[in-house]
Amino acid sequence: MIKKIALLGSTGSIGTQTLQVIKDNKNLYKVQSLVAFSNVKILQQQAKEFDADYFATITNNGIECLERAVDGADVVVVATRGMVALRAVLKAISQNKTVALANKETLVCGGEIVRQYLKKYGGKIYTVDREHSAIWQCLEGNKHNQIKRLVLTASGGAFRDFSYEQLKQAKAQDALKHPTWDMGSKITIDSATMMNKGLEVIEASYLFDIPQEQIDVVVHPQSIVHSMVEFVDGSILAQMSNPDMKLPIQYALSYPDRIKSSVSQLDLIGKKLEFYAVDENKFRCISLCRKAFSKGGLYPAVLNAANDVCVQEYLNGKIGFFDVADIVEKIVDNYLIEDELSVDGLFAVDKKVKEYTTKFIYGELNIV
Ligand code: MG
């Protein structure tokens, strides 16, 4: 049976690669709907080429178009940024659909709410994050109570080999020349500060129902081992491939089957695979994520909102590399949540924390 796909965020990097996978497997998948943020021209080309039944941009049609796009689809691929698709994800779950999730914020910020929905309605979330896809693949056929720990690998980002002194001076522009992955500027900076990996710890905890204490991070510059799982007997399973996002995308679409792909064959001969511990003095963001996650409730959303603002101000040259972690920590420690744990509460907190963080950066707010 052909699976009908709703693709939210169709003109970005994951979106276009998803369409490539669909194009390569027309006997398996059909585009039902496409939503882009603002790129009408490319969206129209895509809609024509893939004969989509429905297409819309968020800037012209509002975020309701994301929920509308879910109708009639079997699988909803979420490749949008931020929390914009949260309501669409919840709608898909409540209709017992499969969500192929390439977006972190949905789980990092809305993880508790998503979990309640999954419990109540029984939809499924299949991850399209490469590390989490690796863990998912390693867990296949194994028992949950026999997992000892999950090991997320990190490329280490653009500043991996920088000294403390170099990091003090490091400009956002230097990070934008990222070694392995071509990504948007926000995620490239998150990768350089390793905030991305901290968010992935929270994401992994929700996806696999494993406490964060059992989730470790190692730096692996080659990005060939995408992540690992250690079991109680001491065995470690790893998933490897050449770095190519089409693989996690198509695994989420084809699961439980594996299908042929255009990903180039991995040749391990002569390759060196290295693993290092994270230098926590230089890269504090992972432990900040753990702290916010321990505080629970909407605190991961507070961290995420503060980080959004800090990354923007780092890109603007207003703050330095170490300020990102310092400011995010101050906000997580000091911001008092007044909103309830609900979808509306989550969006309210996001907005308020962004204002709070901006005021703090521009000296309009004193936090000791
Ligand atoms: Mg990732």
# chains A, B, ... in the order shown; residues from 1 in each chain; ligands from 1
call {"tool": "residues_near_ligand", "arguments": {"ligand": "ligand 1", "cutoff": "8 Å", "atoms": "only C-alpha atoms and all ligand atoms", "output": "PyMOL selection string"}}
result
chain A and resi 129-132+196-197+200
call {"tool": "closest_atom_pairs", "arguments": {"of": "segment 193-301 of chain A", "to": "segment 104-110 of chain A", "cutoff": "12 Å", "atoms": "only C-alpha atoms", "output": "CSV"}}
result
residue,atom,partner,partner_atom,distance
A:Met195,CA,A:Lys104,CA,11.6
A:Asn196,CA,A:Lys104,CA,8.9
A:Lys197,CA,A:Lys104,CA,10.5
A:Gly198,CA,A:Val108,CA,9.8
A:Leu199,CA,A:Val108,CA,6.4
A:Glu200,CA,A:Lys104,CA,7.3
A:Val201,CA,A:Val108,CA,9.0
A:Ile202,CA,A:Val108,CA,5.9
A:Glu203,CA,A:Val108,CA,5.6
A:Ala204,CA,A:Leu107,CA,9.1
A:Ser205,CA,A:Val108,CA,9.5
A:Tyr206,CA,A:Leu107,CA,7.0
A:Leu207,CA,A:Leu107,CA,8.2
A:Phe208,CA,A:Leu107,CA,11.7
A:Cys289,CA,A:Val108,CA,9.6
A:Arg290,CA,A:Val108,CA,11.3
A:Ala292,CA,A:Val108,CA,10.4
A:Phe293,CA,A:Val108,CA,8.8
A:Gly296,CA,A:Cys109,CA,10.3
A:Gly297,CA,A:Cys109,CA,9.0
A:Leu298,CA,A:Cys109,CA,6.8
A:Tyr299,CA,A:Cys109,CA,8.1
A:Pro300,CA,A:Cys109,CA,5.6
A:Ala301,CA,A:Cys109,CA,4.4
call {"tool": "closest_residue", "arguments": {"among": "A:Leu336, A:Val77, A:Ile63, A:Ile331", "to": "Leu34 of chain A", "atoms": "only C-alpha atoms"}}
result
A:Val77
call {"tool": "select_by_dssp", "arguments": {"residues": "segment 223-319 of chain A", "states": "alpha helix (DSSP H)", "output": "PyMOL selection string"}}
result
chain A and resi 246-254+285-295+299-315
call {"tool": "closest_residue", "arguments": {"among": "A:Gly15, A:Phe283, A:Lys148, A:Asp267", "to": "Val232 of chain A", "atoms": "only C-alpha atoms"}}
result
A:Lys148
call {"tool": "closest_residue", "arguments": {"among": "A:Ile367, A:Ile215, A:Ile286, A:Met245", "to": "Thr16 of chain A", "atoms": "only C-alpha atoms"}}
result
A:Met245
call {"tool": "atom_distance", "arguments": {"atom1": "atom CA of Asp209 of chain A", "atom2": "atom CA of Ser342 of chain A"}}
result
20.6 Å
call {"tool": "decode", "arguments": {"residues": "segment 261-311 of chain A", "atoms": "C-alpha atoms", "output": "CSV table (one decimal), in the first residue's frame"}}
result
chain,number,residue,atom,x,y,z
A,261,SER,CA,18.9,4.0,-1.1
A,262,SER,CA,21.2,6.3,-2.9
A,263,VAL,CA,23.4,6.7,0.1
A,264,SER,CA,27.0,6.0,-0.9
A,265,GLN,CA,28.5,2.8,0.5
A,266,LEU,CA,30.6,3.1,3.6
A,267,ASP,CA,34.2,1.9,3.1
A,268,LEU,CA,35.9,1.4,6.4
A,269,ILE,CA,39.2,0.4,5.0
A,270,GLY,CA,41.9,2.9,6.1
A,271,LYS,CA,39.4,4.9,8.1
A,272,LYS,CA,40.2,6.0,11.6
A,273,LEU,CA,37.3,6.2,14.1
A,274,GLU,CA,38.1,8.4,17.1
A,275,PHE,CA,36.1,9.0,20.3
A,276,TYR,CA,36.8,11.7,23.0
A,277,ALA,CA,35.1,12.8,26.2
A,278,VAL,CA,33.4,16.2,26.0
A,279,ASP,CA,35.4,19.0,27.6
A,280,GLU,CA,32.7,20.2,30.1
A,281,ASN,CA,34.6,23.4,30.9
A,282,LYS,CA,34.5,24.6,27.4
A,283,PHE,CA,31.2,23.2,26.4
A,284,ARG,CA,28.8,23.7,29.3
A,285,CYS,CA,25.5,23.5,27.4
A,286,ILE,CA,25.1,19.8,27.7
A,287,SER,CA,25.1,20.0,31.5
A,288,LEU,CA,22.7,23.0,31.3
A,289,CYS,CA,20.2,20.9,29.4
A,290,ARG,CA,20.5,18.2,32.0
A,291,LYS,CA,19.9,20.8,34.7
A,292,ALA,CA,16.8,22.2,33.0
A,293,PHE,CA,15.5,18.7,32.3
A,294,SER,CA,15.9,17.8,36.0
A,295,LYS,CA,13.9,20.9,37.0
A,296,GLY,CA,11.2,19.4,34.8
A,297,GLY,CA,7.9,20.8,33.6
A,298,LEU,CA,8.4,23.7,31.2
A,299,TYR,CA,12.0,24.4,32.1
A,300,PRO,CA,13.4,22.7,29.0
A,301,ALA,CA,11.2,25.2,27.1
A,302,VAL,CA,12.7,28.1,29.2
A,303,LEU,CA,16.2,26.9,28.3
A,304,ASN,CA,15.3,26.5,24.6
A,305,ALA,CA,13.7,30.0,24.4
A,306,ALA,CA,16.7,31.6,26.1
A,307,ASN,CA,19.1,29.8,23.8
A,308,ASP,CA,17.2,30.9,20.7
A,309,VAL,CA,17.7,34.5,21.7
A,310,CYS,CA,21.3,34.0,22.7
A,311,VAL,CA,22.2,32.3,19.4
